[in-house]
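One structure is given below, encoded as structure tokens.
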Amino acid sequence: MTARAPLAAALRPYVGSLWVGHSVRARREHVIPSGEMHLAVRIDGPPLQLYAGRGDRAGQAIDTAVVCGARSRYYAKRTEPGCTVGAQLLPGASWALLGVSAATLAERHAPLRDFWGEAVDELHARLARADTPDARLAVLERSLLAQLRPVAPLAAEVDHAIAALDRGADLRDVLAQASCSHRHLIARFLDATGLAPKRYARLRRFQRVLAQVDGCPDWSGLAAEHGYFDQAHLARDFRQFAGLPARCYRDGRLHPRHVRVD
């Protein structure tokens with residue numbers, strides 16, 4: 001996978017990174033939530049196929065260009081041979097690039113066409129003509145710039161809360177330090193990220209654990225280091241967020257957030 005931060009200054013408040021990836025064979029994967037949204041465009045191959053669970057063999061086809069809202073648990077998809085480009089979206093990006101609240105996209109995938117209309121056809125055509133990863137990233141960047149609309153910046157209290165939770169701050173401290181009521185902060189947080197602060201904090205903590213999973217980790221030590229009550233508490237998060245035990249995650253990991261399950 002090739003990834004880079006967007007070069008255009010106008011995109012930097014809304015896009016964390018742009019990426020292009022290649023798959024060489026079909027397989028089923030669990031995708032672990034990170035607390036963030038993203039969009040992805042398959043240049044070749046069939047539409048994105050999602051599955052309700054291990055017993056679901058038919059699945060549901062979404063589209064070749066999709067937006068994934070913030071999720072509170074893993075989702076299962078089928079990866080097909082071919083090339084895909086995408087963008088990791090930051091809090092507030094849903095208003096700037098799609099014209100909707102992140103809360104309306106939470107827990108689901110939606111066709112990018114629902115928001116960009118016929119511009120998706122042009123994007124597909126331009127991506128197909130581009131013949132290098134850098135050229136494809138440049139095409140996606142230009143399309144994002146073309147869709148960018150003027151929006152108000154994130155409220156200061158939301159920006160502060162997100163940054164603090166990303167660092168691992170205690171949620172109670174974050175709420176206590178907010179310059180507005182808890183209800184007001186939660187509503188604005190949902191609008192920006194699609195998740196409530198408590199769920200967002202749990203997901204970001206789990207991502208910090210995954211960043212340290214390599215070889216044969218000391219699960220008890222990892223649990224204690226990241227504020228879990230015990231190893232069983234961490235194991236429950238693996239079941240909920242990854243859809244499988246920690247051992248299976250380590251054995252099937254393709255990427256910190258992608259696990260082979262076929």
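Note on naming: chains are A, B, ... as they come in the structure tokens, residues start from 1 per chain, ligands start from 1 in the order shown.
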Write out as a Markdown table a residue-level contact list of region 21-116 of chain A versus region 242-257 of chain A with cut-off 10 Å: for each qualifying residue the closest pair of atoms and the distance in Å to one decimal, counting only C-alpha atoms, rows sorted by chain and residue number upward.
| residue | atom | partner | partner_atom | distance |
| --- | --- | --- | --- | --- |
| A:Glu29 | CA | A:Leu254 | CA | 9.0 |
| A:His30 | CA | A:Ala242 | CA | 6.7 |
| A:Val31 | CA | A:Arg257 | CA | 5.6 |
| A:Ile32 | CA | A:Arg257 | CA | 4.8 |
| A:Pro33 | CA | A:Arg257 | CA | 7.2 |
| A:Ser34 | CA | A:Arg257 | CA | 7.8 |
| A:Gly53 | CA | A:Gly243 | CA | 9.4 |
| A:Arg54 | CA | A:Gly243 | CA | 9.9 |
| A:Arg73 | CA | A:Ala242 | CA | 7.2 |
| A:Tyr74 | CA | A:Ala242 | CA | 5.5 |
| A:Tyr75 | CA | A:Gly243 | CA | 8.4 |
| A:Ala76 | CA | A:Gly243 | CA | 9.0 |
Next item on the list: Identify all residues of region 157-241 of chain A in helix (DSSP H, G or I) (DSSP on the backbone) and supply them as a PyMOL selection string.
Entry: chain A and resi 157-167+171-177+182-193+197-210+219-225+231-241
Resulting file, chosen residues, C-alpha atoms, as an mmCIF file, in the first residue's frame:
data_model
loop_
_atom_site.group_PDB
_atom_site.id
_atom_site.type_symbol
_atom_site.label_atom_id
_atom_site.label_comp_id
_atom_site.auth_asym_id
_atom_site.auth_seq_id
_atom_site.Cartn_x
_atom_site.Cartn_y
_atom_site.Cartn_z
ATOM 1 C CA GLU A 157 -14.353 22.137 22.687
ATOM 2 C CA VAL A 158 -14.813 19.286 20.193
ATOM 3 C CA ASP A 159 -11.350 19.768 18.711
ATOM 4 C CA HIS A 160 -9.849 19.703 22.202
ATOM 5 C CA ALA A 161 -11.831 16.621 23.227
ATOM 6 C CA ILE A 162 -10.803 14.668 20.120
ATOM 7 C CA ALA A 163 -7.117 15.552 20.549
ATOM 8 C CA ALA A 164 -7.200 14.632 24.242
ATOM 9 C CA LEU A 165 -8.902 11.278 23.656
ATOM 10 C CA ASP A 166 -6.458 10.492 20.850
ATOM 11 C CA ARG A 167 -3.654 10.978 23.393
ATOM 12 C CA LEU A 171 -12.859 10.715 29.424
ATOM 13 C CA ARG A 172 -14.059 12.049 32.777
ATOM 14 C CA ASP A 173 -11.286 14.651 32.750
ATOM 15 C CA VAL A 174 -12.136 15.627 29.169
ATOM 16 C CA LEU A 175 -15.801 16.135 30.038
ATOM 17 C CA ALA A 176 -14.939 18.036 33.210
ATOM 18 C CA GLN A 177 -12.696 20.439 31.286
ATOM 19 C CA HIS A 182 -21.908 17.456 28.595
ATOM 20 C CA ARG A 183 -25.032 17.176 26.458
ATOM 21 C CA HIS A 184 -23.884 19.945 24.148
ATOM 22 C CA LEU A 185 -20.395 18.463 23.788
ATOM 23 C CA ILE A 186 -21.743 14.968 23.043
ATOM 24 C CA ALA A 187 -24.101 16.322 20.361
ATOM 25 C CA ARG A 188 -21.298 18.247 18.650
ATOM 26 C CA PHE A 189 -18.928 15.302 18.989
ATOM 27 C CA LEU A 190 -21.461 13.022 17.295
ATOM 28 C CA ASP A 191 -21.951 15.558 14.511
ATOM 29 C CA ALA A 192 -18.194 15.714 13.843
ATOM 30 C CA THR A 193 -17.201 12.048 14.262
ATOM 31 C CA PRO A 197 -17.074 10.383 23.111
ATOM 32 C CA LYS A 198 -17.118 7.241 25.247
ATOM 33 C CA ARG A 199 -17.182 4.878 22.257
ATOM 34 C CA TYR A 200 -14.607 6.995 20.417
ATOM 35 C CA ALA A 201 -12.271 6.806 23.425
ATOM 36 C CA ARG A 202 -12.617 3.008 23.577
ATOM 37 C CA LEU A 203 -11.830 2.623 19.890
ATOM 38 C CA ARG A 204 -8.798 4.881 20.035
ATOM 39 C CA ARG A 205 -7.498 2.971 23.062
ATOM 40 C CA PHE A 206 -7.918 -0.304 21.178
ATOM 41 C CA GLN A 207 -5.977 1.138 18.236
ATOM 42 C CA ARG A 208 -3.111 1.940 20.599
ATOM 43 C CA VAL A 209 -3.127 -1.697 21.731
ATOM 44 C CA LEU A 210 -3.058 -2.960 18.140
ATOM 45 C CA TRP A 219 -1.389 -9.448 26.996
ATOM 46 C CA SER A 220 -1.690 -8.804 30.739
ATOM 47 C CA GLY A 221 0.956 -6.105 30.523
ATOM 48 C CA LEU A 222 -0.714 -4.496 27.494
ATOM 49 C CA ALA A 223 -4.072 -4.511 29.264
ATOM 50 C CA ALA A 224 -2.628 -2.814 32.332
ATOM 51 C CA GLU A 225 -0.646 -0.291 30.316
ATOM 52 C CA GLN A 231 -6.698 -9.298 30.362
ATOM 53 C CA ALA A 232 -10.302 -10.543 30.163
ATOM 54 C CA HIS A 233 -11.459 -6.945 29.713
ATOM 55 C CA LEU A 234 -9.081 -6.544 26.753
ATOM 56 C CA ALA A 235 -10.239 -9.901 25.354
ATOM 57 C CA ARG A 236 -13.829 -8.633 25.299
ATOM 58 C CA ASP A 237 -12.763 -5.630 23.235
ATOM 59 C CA PHE A 238 -11.029 -7.977 20.774
ATOM 60 C CA ARG A 239 -14.255 -9.928 20.372
ATOM 61 C CA GLN A 240 -16.336 -6.806 19.860
ATOM 62 C CA PHE A 241 -14.007 -4.690 17.746
#
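Shortest atom-to-atom contact with Val20 (chain A) among A:Asp121, A:Asp134, A:Glu107, A:Asp170: A:Asp134, counting only C-alpha atoms.
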Notebook entry, point to check: In Å to one decimal, how far is CA of Val15 (chain A) from CA of Leu140 (chain A)?
Noted result: 11.5 Å
Note to self: Please compute the CA of Arg25 (chain A)-CA of Pro81 (chain A) distance, one decimal, in Å.
What the structure shows: 4.8 Å
Next item on the list: Going by DSSP on the backbone, which bits of region 41-245 of chain A are strand (DSSP E)? Write them as a PyMOL selection string, please.
Entry: chain A and resi 41-42+49-51+60-61+65-68+75-79+82-89+109-111
Notebook entry, point to check: Between A:His38, A:Thr84, A:Arg78, A:Ala128, which one has atoms that come closest to Asp56 (chain A), using only C-alpha atoms?
Noted result: A:Arg78
Check: Between A:Val213, A:Met1, A:Leu144, A:Leu195, which is the closest to Met37 (chain A) once you count only C-alpha atoms?
Finding: A:Leu195
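Proximity of A:Ala5, A:Leu154, A:Ala93, A:Leu127 to Glu36 (chain A), computed with only C-alpha atoms, is greatest for A:Ala93.
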Next item on the list: Show which residues sit within 8 Å of Leu123 (chain A), as a VMD selection string. Count only C-alpha atoms, and ignore same-chain residues fewer than 3 positions away.
Entry: chain A and resid 119 to 120 126 to 127 139 to 140 143
Output file for the residues above (C-alpha atoms, as a CSV table (one decimal), in the first residue's frame):
chain,number,residue,atom,x,y,z
A,119,ALA,CA,-18.7,13.3,-10.6
A,120,VAL,CA,-18.1,9.7,-9.5
A,126,ARG,CA,-9.6,9.5,-14.6
A,127,LEU,CA,-8.4,6.9,-12.2
A,139,VAL,CA,-6.5,12.3,-9.3
A,140,LEU,CA,-8.2,11.6,-6.0
A,143,SER,CA,-11.5,15.3,-6.9
Next item on the list: Please indicate the distance in Å from CA of Leu48 (chain A) to CA of Thr64 (chain A), rounded to one decimal place.
Entry: 5.8 Å
